[in-house]
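Asks: Pasting protein_20.pdb here (PDB, C-alpha atoms, pLDDT in the B column):
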ATOM      1  CA  MET A   1      -6.318  17.018  -0.552  1.00 45.00           C
ATOM      2  CA  ALA A   2      -5.482  13.443   0.456  1.00 45.00           C
ATOM      3  CA  GLU A   3      -4.223  12.501   3.875  1.00 45.00           C
ATOM      4  CA  PRO A   4      -1.503   9.927   4.608  1.00 48.00           C
ATOM      5  CA  THR A   5      -2.640   6.574   5.975  1.00 48.00           C
ATOM      6  CA  PRO A   6      -3.456   7.083   9.659  1.00 50.00           C
ATOM      7  CA  ARG A   7      -1.865   4.959  12.352  1.00 53.00           C
ATOM      8  CA  ARG A   8      -3.147   3.674  15.646  1.00 50.00           C
ATOM      9  CA  ASN A   9      -6.754   4.629  16.401  1.00 53.00           C
ATOM     10  CA  GLU A  10      -7.194   7.358  13.788  1.00 55.00           C
ATOM     11  CA  PRO A  11      -9.992   6.828  11.248  1.00 54.00           C
ATOM     12  CA  ARG A  12      -8.959   6.283   7.629  1.00 55.00           C
ATOM     13  CA  LEU A  13      -9.482   9.211   5.318  1.00 54.00           C
ATOM     14  CA  ARG A  14     -10.035   8.605   1.628  1.00 57.00           C
ATOM     15  CA  PRO A  15      -7.231   9.761  -0.668  1.00 55.00           C
ATOM     16  CA  ALA A  16      -7.841  12.163  -3.514  1.00 55.00           C
ATOM     17  CA  PRO A  17      -9.396  10.363  -6.451  1.00 57.00           C
ATOM     18  CA  LEU A  18      -6.980   8.971  -8.995  1.00 55.00           C
ATOM     19  CA  LEU A  19      -8.648   9.672 -12.282  1.00 57.00           C
ATOM     20  CA  PHE A  20      -8.091   7.013 -14.910  1.00 57.00           C
ATOM     21  CA  GLU A  21      -6.454   8.239 -18.050  1.00 53.00           C
ATOM     22  CA  PRO A  22      -7.743   7.529 -21.543  1.00 53.00           C
ATOM     23  CA  ALA A  23      -5.707   4.930 -23.428  1.00 58.00           C
ATOM     24  CA  GLU A  24      -4.291   7.459 -25.901  1.00 58.00           C
ATOM     25  CA  ALA A  25      -3.088   9.710 -23.058  1.00 52.00           C
ATOM     26  CA  ALA A  26      -1.555   6.807 -21.162  1.00 54.00           C
ATOM     27  CA  SER A  27       0.453   5.837 -24.245  1.00 62.00           C
ATOM     28  CA  ASP A  28       2.146   9.260 -24.239  1.00 64.00           C
ATOM     29  CA  PRO A  29       5.178   8.990 -21.907  1.00 66.00           C
ATOM     30  CA  GLU A  30       5.036  12.724 -21.166  1.00 72.00           C
ATOM     31  CA  HIS A  31       1.413  12.534 -20.018  1.00 74.00           C
ATOM     32  CA  PHE A  32       0.860  11.976 -16.313  1.00 81.00           C
ATOM     33  CA  PHE A  33      -2.604  12.626 -14.871  1.00 82.00           C
ATOM     34  CA  ASP A  34      -2.763  15.794 -16.960  1.00 83.00           C
ATOM     35  CA  LEU A  35      -0.143  17.503 -14.775  1.00 88.00           C
ATOM     36  CA  GLU A  36       1.830  18.627 -17.828  1.00 88.00           C
ATOM     37  CA  SER A  37      -1.133  20.779 -18.898  1.00 87.00           C
ATOM     38  CA  ILE A  38      -1.270  22.789 -15.648  1.00 90.00           C
ATOM     39  CA  ASP A  39       0.476  26.138 -16.161  1.00 92.00           C
ATOM     40  CA  ASP A  40      -0.084  27.713 -12.749  1.00 94.00           C
ATOM     41  CA  PRO A  41       2.692  26.498 -10.408  1.00 94.00           C
ATOM     42  CA  ARG A  42       0.388  26.824  -7.377  1.00 96.00           C
ATOM     43  CA  ALA A  43      -2.238  24.616  -8.990  1.00 94.00           C
ATOM     44  CA  LEU A  44       0.458  22.217 -10.194  1.00 94.00           C
ATOM     45  CA  LEU A  45       1.909  21.914  -6.701  1.00 95.00           C
ATOM     46  CA  ALA A  46      -1.542  21.356  -5.199  1.00 94.00           C
ATOM     47  CA  ARG A  47      -2.542  18.633  -7.691  1.00 92.00           C
ATOM     48  CA  ALA A  48       0.875  16.939  -7.634  1.00 92.00           C
ATOM     49  CA  THR A  49       0.720  16.900  -3.834  1.00 93.00           C
ATOM     50  CA  GLU A  50      -2.774  15.384  -3.948  1.00 92.00           C
ATOM     51  CA  LEU A  51      -1.507  12.657  -6.263  1.00 90.00           C
ATOM     52  CA  THR A  52       1.566  12.017  -4.109  1.00 92.00           C
ATOM     53  CA  LEU A  53      -0.549  11.579  -0.988  1.00 93.00           C
ATOM     54  CA  ALA A  54      -3.070   9.427  -2.849  1.00 90.00           C
ATOM     55  CA  PHE A  55      -0.326   7.132  -4.136  1.00 90.00           C
ATOM     56  CA  ARG A  56       1.213   6.896  -0.655  1.00 93.00           C
ATOM     57  CA  ALA A  57      -2.150   6.025   0.875  1.00 93.00           C
ATOM     58  CA  ALA A  58      -2.762   3.434  -1.843  1.00 92.00           C
ATOM     59  CA  ALA A  59       0.700   1.937  -1.337  1.00 93.00           C
ATOM     60  CA  ASP A  60       0.229   1.773   2.447  1.00 94.00           C
ATOM     61  CA  ARG A  61      -3.111   0.040   2.011  1.00 94.00           C
ATOM     62  CA  ALA A  62      -1.691  -2.396  -0.534  1.00 94.00           C
ATOM     63  CA  VAL A  63       1.121  -3.289   1.897  1.00 95.00           C
ATOM     64  CA  GLU A  64      -1.471  -4.060   4.563  1.00 96.00           C
ATOM     65  CA  PHE A  65      -3.266  -6.403   2.168  1.00 96.00           C
ATOM     66  CA  GLN A  66       0.050  -8.038   1.250  1.00 96.00           C
ATOM     67  CA  ALA A  67       0.772  -8.593   4.930  1.00 97.00           C
ATOM     68  CA  MET A  68      -2.639 -10.114   5.611  1.00 96.00           C
ATOM     69  CA  ALA A  69      -2.331 -12.408   2.592  1.00 97.00           C
ATOM     70  CA  ALA A  70       1.151 -13.489   3.692  1.00 97.00           C
ATOM     71  CA  ALA A  71      -0.142 -14.210   7.199  1.00 97.00           C
ATOM     72  CA  GLN A  72      -2.991 -16.276   5.790  1.00 97.00           C
ATOM     73  CA  LEU A  73      -0.652 -18.232   3.519  1.00 97.00           C
ATOM     74  CA  ALA A  74       1.695 -18.956   6.442  1.00 97.00           C
ATOM     75  CA  ASP A  75      -1.087 -20.017   8.828  1.00 95.00           C
ATOM     76  CA  PRO A  76      -0.051 -23.368  10.320  1.00 93.00           C
ATOM     77  CA  ARG A  77      -3.708 -24.467  10.349  1.00 94.00           C
ATOM     78  CA  ARG A  78      -3.758 -24.484   6.546  1.00 93.00           C
ATOM     79  CA  PHE A  79      -2.987 -27.814   4.920  1.00 93.00           C
ATOM     80  CA  ASP A  80      -1.444 -25.905   2.011  1.00 93.00           C
ATOM     81  CA  ARG A  81       0.485 -23.354   4.061  1.00 95.00           C
ATOM     82  CA  LEU A  82       3.636 -21.857   2.633  1.00 96.00           C
ATOM     83  CA  THR A  83       6.999 -21.419   4.283  1.00 96.00           C
ATOM     84  CA  HIS A  84       8.529 -18.004   4.879  1.00 96.00           C
ATOM     85  CA  ALA A  85      10.916 -18.718   2.003  1.00 97.00           C
ATOM     86  CA  ASP A  86       8.044 -19.611  -0.349  1.00 97.00           C
ATOM     87  CA  ILE A  87       6.180 -16.419   0.520  1.00 97.00           C
ATOM     88  CA  ALA A  88       9.348 -14.357   0.133  1.00 97.00           C
ATOM     89  CA  GLU A  89       9.938 -15.815  -3.313  1.00 97.00           C
ATOM     90  CA  ARG A  90       6.349 -15.166  -4.450  1.00 96.00           C
ATOM     91  CA  ALA A  91       6.380 -11.563  -3.247  1.00 96.00           C
ATOM     92  CA  ASP A  92       9.986 -10.837  -4.275  1.00 95.00           C
ATOM     93  CA  TRP A  93      10.982 -10.180  -0.648  1.00 96.00           C
ATOM     94  CA  THR A  94      13.854 -11.380   1.505  1.00 96.00           C
ATOM     95  CA  GLU A  95      12.969 -14.154   3.917  1.00 97.00           C
ATOM     96  CA  ASP A  96      13.502 -11.836   6.904  1.00 97.00           C
ATOM     97  CA  TYR A  97      11.116  -9.278   5.416  1.00 97.00           C
ATOM     98  CA  ALA A  98       8.567 -12.030   4.766  1.00 97.00           C
ATOM     99  CA  LYS A  99       8.707 -12.985   8.455  1.00 97.00           C
ATOM    100  CA  LYS A 100       8.096  -9.366   9.468  1.00 97.00           C
ATOM    101  CA  MET A 101       5.241  -9.014   6.995  1.00 97.00           C
ATOM    102  CA  ILE A 102       3.623 -12.224   8.248  1.00 97.00           C
ATOM    103  CA  GLU A 103       3.741 -10.929  11.818  1.00 96.00           C
ATOM    104  CA  PHE A 104       2.419  -7.554  10.681  1.00 96.00           C
ATOM    105  CA  GLY A 105      -0.428  -9.313   8.858  1.00 96.00           C
ATOM    106  CA  ARG A 106      -1.273 -11.396  11.911  1.00 95.00           C
ATOM    107  CA  ASP A 107      -1.367  -8.249  13.997  1.00 95.00           C
ATOM    108  CA  LEU A 108      -3.664  -6.548  11.480  1.00 95.00           C
ATOM    109  CA  MET A 109      -6.011  -9.543  11.403  1.00 94.00           C
ATOM    110  CA  ARG A 110      -6.195  -9.541  15.196  1.00 92.00           C
ATOM    111  CA  GLY A 111      -7.334  -5.933  14.846  1.00 87.00           C
ATOM    112  CA  GLY A 112      -4.182  -4.692  16.433  1.00 66.00           C
ATOM    113  CA  GLU A 113      -2.648  -1.420  15.795  1.00 58.00           C
ATOM    114  CA  GLY A 114      -2.154  -1.224  19.517  1.00 44.00           C
ATOM    115  CA  PRO A 115       0.933  -1.286  21.731  1.00 41.00           C
ATOM    116  CA  GLY A 116       2.578  -4.245  20.033  1.00 46.00           C
ATOM    117  CA  HIS A 117       1.947  -2.942  16.517  1.00 49.00           C
ATOM    118  CA  ALA A 118       5.028  -2.492  14.385  1.00 53.00           C
ATOM    119  CA  ASP A 119       4.954  -1.392  10.774  1.00 56.00           C
ATOM    120  CA  PRO A 120       7.286  -3.745   8.857  1.00 57.00           C
ATOM    121  CA  VAL A 121       8.788  -0.966   6.757  1.00 54.00           C
TER
END
Hey, can you dump this file as structure tokens for me?

Replies:
Amino acid sequence: MAEPTPRRNEPRLRPAPLLFEPAEAASDPEHFFDLESIDDPRALLARATELTLAFRAAADRAVEFQAMAAAQLADPRRFDRLTHADIAERADWTEDYAKKMIEFGRDLMRGGEGPGHADPV
């Protein structure tokens, strides 16, 4: 079963694999990672929980990459740097959230999940 994204000094655990669905299955709105075919409620709960944790871990990791990209785009050493407002517009964020994400990204790039680390969410 997948583990949530660890914080601080915990090592990252890999989430449960997200199996890609064939095109014909993906076109069926009732089809979702074959969960609808599981009859045993225990097995359904176990697999649905694995998927939930895998999606959470993937979302957490994607947010970290967003933050690092935002920090890089806002770097004052870049000749083509973007303003907080520009980054917010590109990412569909508020400007205040963009500022928090930029700081979070800078902290991640410094290798910090230490005392000053604050998750922007």

Asks: Which residues are near region 73-88 of chain A? Cut-off 10 Å, all atoms listed in the file, ignore same chain within fewer than 2 positions. Put them as a VMD selection string.

Replies: chain A and resid 67 to 71 90 to 103 106

Asks: CA of Ala43 (chain A) and CA of Ala57 (chain A) are how many Å apart?

Replies: 21.0 Å

Asks: Which distance in Å separates CA of Met109 (chain A) and CA of Ala54 (chain A), to one decimal?

Replies: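 CA of Ala54 (chain A) lies at a distance of 23.9 Å from CA of Met109 (chain A).
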
Asks: Choose the residue, out of A:Gly111, A:Gln72, A:Arg61, A:Phe33, that has the smallest atom-to-atom separation from Ala48 (chain A); count all atoms listed in the file.

Replies: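 Closest residue, counting all atoms listed in the file: A:Phe33.
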
Asks: Just to confirm, what's the straight-line distance from CA of Ala62 (chain A) to CA of His31 (chain A) in Å (one decimal)?

Replies: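 Going from CA of Ala62 (chain A) over to CA of His31 (chain A) covers 24.7 Å.
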
Asks: Can you rebuild region 71-95 of chain A with N, CA, C and O atoms and give it as a tab-separated table (two decimals), in the frame of the given file?

Replies:
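Contents of the output file out_9.tsv:
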chain	number	residue	atom	x	y	z
A	71	ALA	N	0.20	-13.57	5.93
A	71	ALA	CA	-0.14	-14.21	7.20
A	71	ALA	C	-1.10	-15.38	6.97
A	71	ALA	O	-0.96	-16.44	7.60
A	72	GLN	N	-2.05	-15.19	6.09
A	72	GLN	CA	-2.99	-16.28	5.79
A	72	GLN	C	-2.29	-17.45	5.13
A	72	GLN	O	-2.55	-18.61	5.46
A	73	LEU	N	-1.37	-17.16	4.21
A	73	LEU	CA	-0.65	-18.23	3.52
A	73	LEU	C	0.29	-18.99	4.45
A	73	LEU	O	0.57	-20.16	4.23
A	74	ALA	N	0.77	-18.32	5.50
A	74	ALA	CA	1.70	-18.96	6.44
A	74	ALA	C	0.99	-19.60	7.63
A	74	ALA	O	1.64	-20.22	8.48
A	75	ASP	N	-0.32	-19.49	7.70
A	75	ASP	CA	-1.09	-20.02	8.83
A	75	ASP	C	-0.85	-21.52	8.98
A	75	ASP	O	-1.12	-22.29	8.05
A	76	PRO	N	-0.34	-21.94	10.12
A	76	PRO	CA	-0.05	-23.37	10.32
A	76	PRO	C	-1.29	-24.26	10.30
A	76	PRO	O	-1.18	-25.47	10.13
A	77	ARG	N	-2.48	-23.67	10.41
A	77	ARG	CA	-3.71	-24.47	10.35
A	77	ARG	C	-4.10	-24.83	8.92
A	77	ARG	O	-4.98	-25.66	8.71
A	78	ARG	N	-3.46	-24.20	7.95
A	78	ARG	CA	-3.76	-24.48	6.55
A	78	ARG	C	-3.00	-25.72	6.11
A	78	ARG	O	-1.81	-25.85	6.36
A	79	PHE	N	-3.68	-26.62	5.42
A	79	PHE	CA	-2.99	-27.81	4.92
A	79	PHE	C	-2.02	-27.44	3.79
A	79	PHE	O	-1.03	-28.13	3.56
A	80	ASP	N	-2.28	-26.33	3.13
A	80	ASP	CA	-1.44	-25.90	2.01
A	80	ASP	C	-0.59	-24.69	2.36
A	80	ASP	O	-0.21	-23.91	1.49
A	81	ARG	N	-0.27	-24.54	3.64
A	81	ARG	CA	0.48	-23.35	4.06
A	81	ARG	C	1.84	-23.29	3.35
A	81	ARG	O	2.39	-24.30	2.93
A	82	LEU	N	2.34	-22.09	3.27
A	82	LEU	CA	3.64	-21.86	2.63
A	82	LEU	C	4.68	-21.50	3.68
A	82	LEU	O	4.35	-20.92	4.72
A	83	THR	N	5.91	-21.79	3.39
A	83	THR	CA	7.00	-21.42	4.28
A	83	THR	C	7.32	-19.94	4.08
A	83	THR	O	6.91	-19.32	3.10
A	84	HIS	N	8.10	-19.40	5.02
A	84	HIS	CA	8.53	-18.00	4.88
A	84	HIS	C	9.30	-17.83	3.57
A	84	HIS	O	9.13	-16.82	2.88
A	85	ALA	N	10.13	-18.80	3.24
A	85	ALA	CA	10.92	-18.72	2.00
A	85	ALA	C	10.01	-18.73	0.77
A	85	ALA	O	10.25	-17.99	-0.19
A	86	ASP	N	8.98	-19.56	0.78
A	86	ASP	CA	8.04	-19.61	-0.35
A	86	ASP	C	7.32	-18.28	-0.53
A	86	ASP	O	7.18	-17.78	-1.65
A	87	ILE	N	6.88	-17.70	0.58
A	87	ILE	CA	6.18	-16.42	0.52
A	87	ILE	C	7.13	-15.32	0.04
A	87	ILE	O	6.77	-14.50	-0.80
A	88	ALA	N	8.35	-15.34	0.55
A	88	ALA	CA	9.35	-14.36	0.13
A	88	ALA	C	9.59	-14.44	-1.37
A	88	ALA	O	9.65	-13.41	-2.06
A	89	GLU	N	9.70	-15.64	-1.88
A	89	GLU	CA	9.94	-15.82	-3.31
A	89	GLU	C	8.76	-15.29	-4.14
A	89	GLU	O	8.94	-14.59	-5.12
A	90	ARG	N	7.54	-15.61	-3.71
A	90	ARG	CA	6.35	-15.17	-4.45
A	90	ARG	C	6.20	-13.65	-4.46
A	90	ARG	O	5.73	-13.07	-5.43
A	91	ALA	N	6.57	-13.01	-3.37
A	91	ALA	CA	6.38	-11.56	-3.25
A	91	ALA	C	7.64	-10.77	-3.60
A	91	ALA	O	7.63	-9.54	-3.52
A	92	ASP	N	8.71	-11.48	-3.96
A	92	ASP	CA	9.99	-10.84	-4.28
A	92	ASP	C	10.53	-10.07	-3.07
A	92	ASP	O	10.94	-8.91	-3.16
A	93	TRP	N	10.47	-10.72	-1.89
A	93	TRP	CA	10.98	-10.18	-0.65
A	93	TRP	C	12.16	-11.03	-0.19
A	93	TRP	O	12.36	-12.13	-0.68
A	94	THR	N	12.89	-10.53	0.81
A	94	THR	CA	13.85	-11.38	1.50
A	94	THR	C	13.06	-12.22	2.51
A	94	THR	O	11.93	-11.87	2.88
A	95	GLU	N	13.66	-13.30	2.96
A	95	GLU	CA	12.97	-14.15	3.92
A	95	GLU	C	12.73	-13.42	5.24
A	95	GLU	O	11.68	-13.57	5.86
